[in-house]
Structures are given as structure tokens and as C-alpha cells.
Amino acid sequence: MKTLCDLQPLMNALAAFECAGRHGSFTRASKELGTSQPAVSRHIANLEDHLNSALFERHHNRIELTPAGRRLYDAVNLGLSHIQAVFQEIRRTRQDRALSIGCSYDLAHLYVMPRFAALQDAFEDREIRIVTTNSYRELDRADVDYSIRFGTGHWPGMAAVKLFDEVVFPICSPAFLDGHPALKSDGGWHALPEMPLLHLDEGGQGWLTWEDWLTRMGLPSGRGRSSHKSMLRHYTFLLQAVTEGRGVGLGWGTQIGPALEAGQVVRVGPEIRTGRGYYLVCGERRGDSPETAVLQTVLAAG
């Protein structure tokens, strides 16, 4: 049985033949194929020698298919059309087998991508697509199979399974801690209102804010907000600012695990559990599916 490599010269010759027959010109065929006119002529000549039959009639500046050439041209066209149809079918099947997961940019970077290899292993016959957006409306698109959302677990018409709770505590860099020894003492977190605090949100997104944390800890929040406020729009930017020693930020436990383990940041205060969390959200029909259970297991893994 001949392999594709064995058939390569014949495939090249048939490609040159089809192009020349379609254009009625060796010259135009060579331009489309990105080769020289003599190379096209050589392919045709080899094909004619192989078949022991003329495929073109040469008329000075033009060529015409012979009856044998017409039969071969129709067969090649039929074969190419069938191959193209199979290509499209395979592509459609691959797209149908894709599994799309939507989430925010920050969550994709800090939480989903570290688990991407595990997702691929769990769904080895599927293409995993990550759809990133900071708008929940975008996550409602028909081409998003699952989304990871922050809240209380209630989205009308949707099924939701919890991945992890919102657990928040203050963090800073080791260098910042060395430069502010008051934070190292017992109860040193009481000095946090006097520190440069890096803020992510004023409450509009529903995440815990510095004002929330300070108030729950019985500390004055006004001074931290008015005197030392530094607002960053994305959590990845805030985490970078913390690691650079620019101030103290709030750390969401699950998302900063790698930074804590690597010693890039250290914890400098008590944690707060808000009762909210991050959920894997999908259509109600998918809620109890084995696929959802596998996704929950992979994404909730530490």
C-alpha cells in the first residue's frame, strides 16, 4: 500500500493539471501555484507519460483539454469537492465538540489558566476555549457553555455550583513588611489604617472593599480611604502593585495561592468570609450533567 509520501509527485502533478485545466493556461496556473511555467509543463508532461495519453491540445498561446483530459479533470474536481466537504464537516464537528468557559480577565489569568492543563486532560476529546470579558451580559452568549461568576449563587434561569468562597485578608510584599515593622508585631494589623492601602473597588462590583474590611475589624476606615487611597481597575494590576511593595492590598485567598506559596506576598491580617463566592454557572439543563460535575471538580481543585 502506497503512503501519502509515495503519492506526493502524483498529487503535485494533479494539482498542476487541475489549475491549468481551470485556467486554460500553463502560465496562469504557475502564477496561482507560485511556481514557474516550465515546472507546470513538466508536471503535465510527467502525468501524460504516466497515463500514456495526451491531456491537453496545445494551440500556440492557449491550451484545451483533450477528451481524456476532460475525463481526468472531472474526476479530479469531484475528488477535490469531496475532500473539501469532508474538511468542512471535520471542522464543524471540532467546533461542535468545543467547550467554552467564560470569566473575567483577572480570573482567567490568576485562576483558570493554572488549571488549564488539568481541563485539557479531563476533556481530552474537546477543544477548551476561554472567553474573557468583564461584562456578565457577554457571558450569557449562546456560544458560552459555562461561566465563572461572583455572587450569591442565584442567577434566574441558570444552574450554579459553588467553586470557592470569598475569603479575603490583607497582603503585602516581604520588602514592604520589612520596611513597616509595626505590622510584624502581635496585632500589627491594627496599624493598617495608617498604611498606603491599594484599592480595587468602591463597592460597585460587590467585592469586599478596604472600607468593608476595616469596618468589620473595628478599625477606622475613613482615614484609609481619604488619605492613602490608590485605586486600580484590575486585580492583576493590584497584585503586581502589592508585589512591587507599593502598599497593602486585599488578597482573595484562592486567586493568590501561587503568589503566597512563592513568597511574593505575605498575609498581614485576619481573614473575612463574606458568604459570597465564585460559581460555575450554566443553563439549567446542564446543571446535573456529568460534564458539569467534572468541570466543578477540576476548577475547584486547590
# chains A, B, ... in the order shown; residues from 1 in each chain; ligands from 1
$ residues_around --residues "region 188-191 of chain A" --least-positions-apart "6" --cutoff "9 Å" --atoms "only C-alpha atoms" --output "ChimeraX atom specification"
/A:170,181-182,217,219,268-270
$ residues_around --residues "Leu119 (chain A)" --least-positions-apart "3" --cutoff "10 Å" --atoms "only C-alpha atoms" --output "list in words"
Val112, Met113, Pro114, Arg115, Phe116, Ala122, Phe123, Glu124, Arg126, Glu127, Ile128, Val294, Leu295, Thr297, Val298 and Leu299 of chain A
$ residues_around --residues "region 261-265 of chain A" --least-positions-apart "2" --cutoff "6 Å" --atoms "only C-alpha atoms" --output "MDAnalysis selection string"
chainID A and resid 172:173 243 258:259
$ residues_around --residues "Phe56 (chain A)" --least-positions-apart "2" --cutoff "8 Å" --atoms "only C-alpha atoms" --output "count of residues only"
7
$ residues_around --residues "Pro9 (chain A)" --least-positions-apart "5" --cutoff "10 Å" --atoms "only C-alpha atoms" --output "PyMOL selection string"
chain A and resi 4+14-15+43+46-47
$ write_last_selection --atoms "N, CA and C atoms" --output "mmCIF file, in the first residue's frame"
data_model
loop_
_atom_site.group_PDB
_atom_site.id
_atom_site.type_symbol
_atom_site.label_atom_id
_atom_site.label_comp_id
_atom_site.auth_asym_id
_atom_site.auth_seq_id
_atom_site.Cartn_x
_atom_site.Cartn_y
_atom_site.Cartn_z
ATOM 1 N N LEU A 4 1.099 8.423 1.583
ATOM 2 C CA LEU A 4 0.910 9.748 1.012
ATOM 3 C C LEU A 4 2.220 10.311 0.481
ATOM 4 N N LEU A 14 -1.234 16.367 -10.246
ATOM 5 C CA LEU A 14 -2.681 16.546 -10.363
ATOM 6 C C LEU A 14 -3.088 17.975 -9.988
ATOM 7 N N ALA A 15 -2.413 18.550 -8.994
ATOM 8 C CA ALA A 15 -2.707 19.944 -8.624
ATOM 9 C C ALA A 15 -2.378 20.875 -9.774
ATOM 10 N N HIS A 43 5.194 18.962 -14.888
ATOM 11 C CA HIS A 43 4.219 18.137 -14.156
ATOM 12 C C HIS A 43 3.214 17.520 -15.121
ATOM 13 N N ASN A 46 4.853 14.744 -17.192
ATOM 14 C CA ASN A 46 5.018 13.517 -16.401
ATOM 15 C C ASN A 46 3.698 12.775 -16.251
ATOM 16 N N LEU A 47 2.620 13.542 -16.072
ATOM 17 C CA LEU A 47 1.295 12.928 -15.927
ATOM 18 C C LEU A 47 0.879 12.261 -17.235
#
$ atom_distance --atom1 "CA of Leu192 (chain A)" --atom2 "CA of Gly151 (chain A)"
27.2 Å
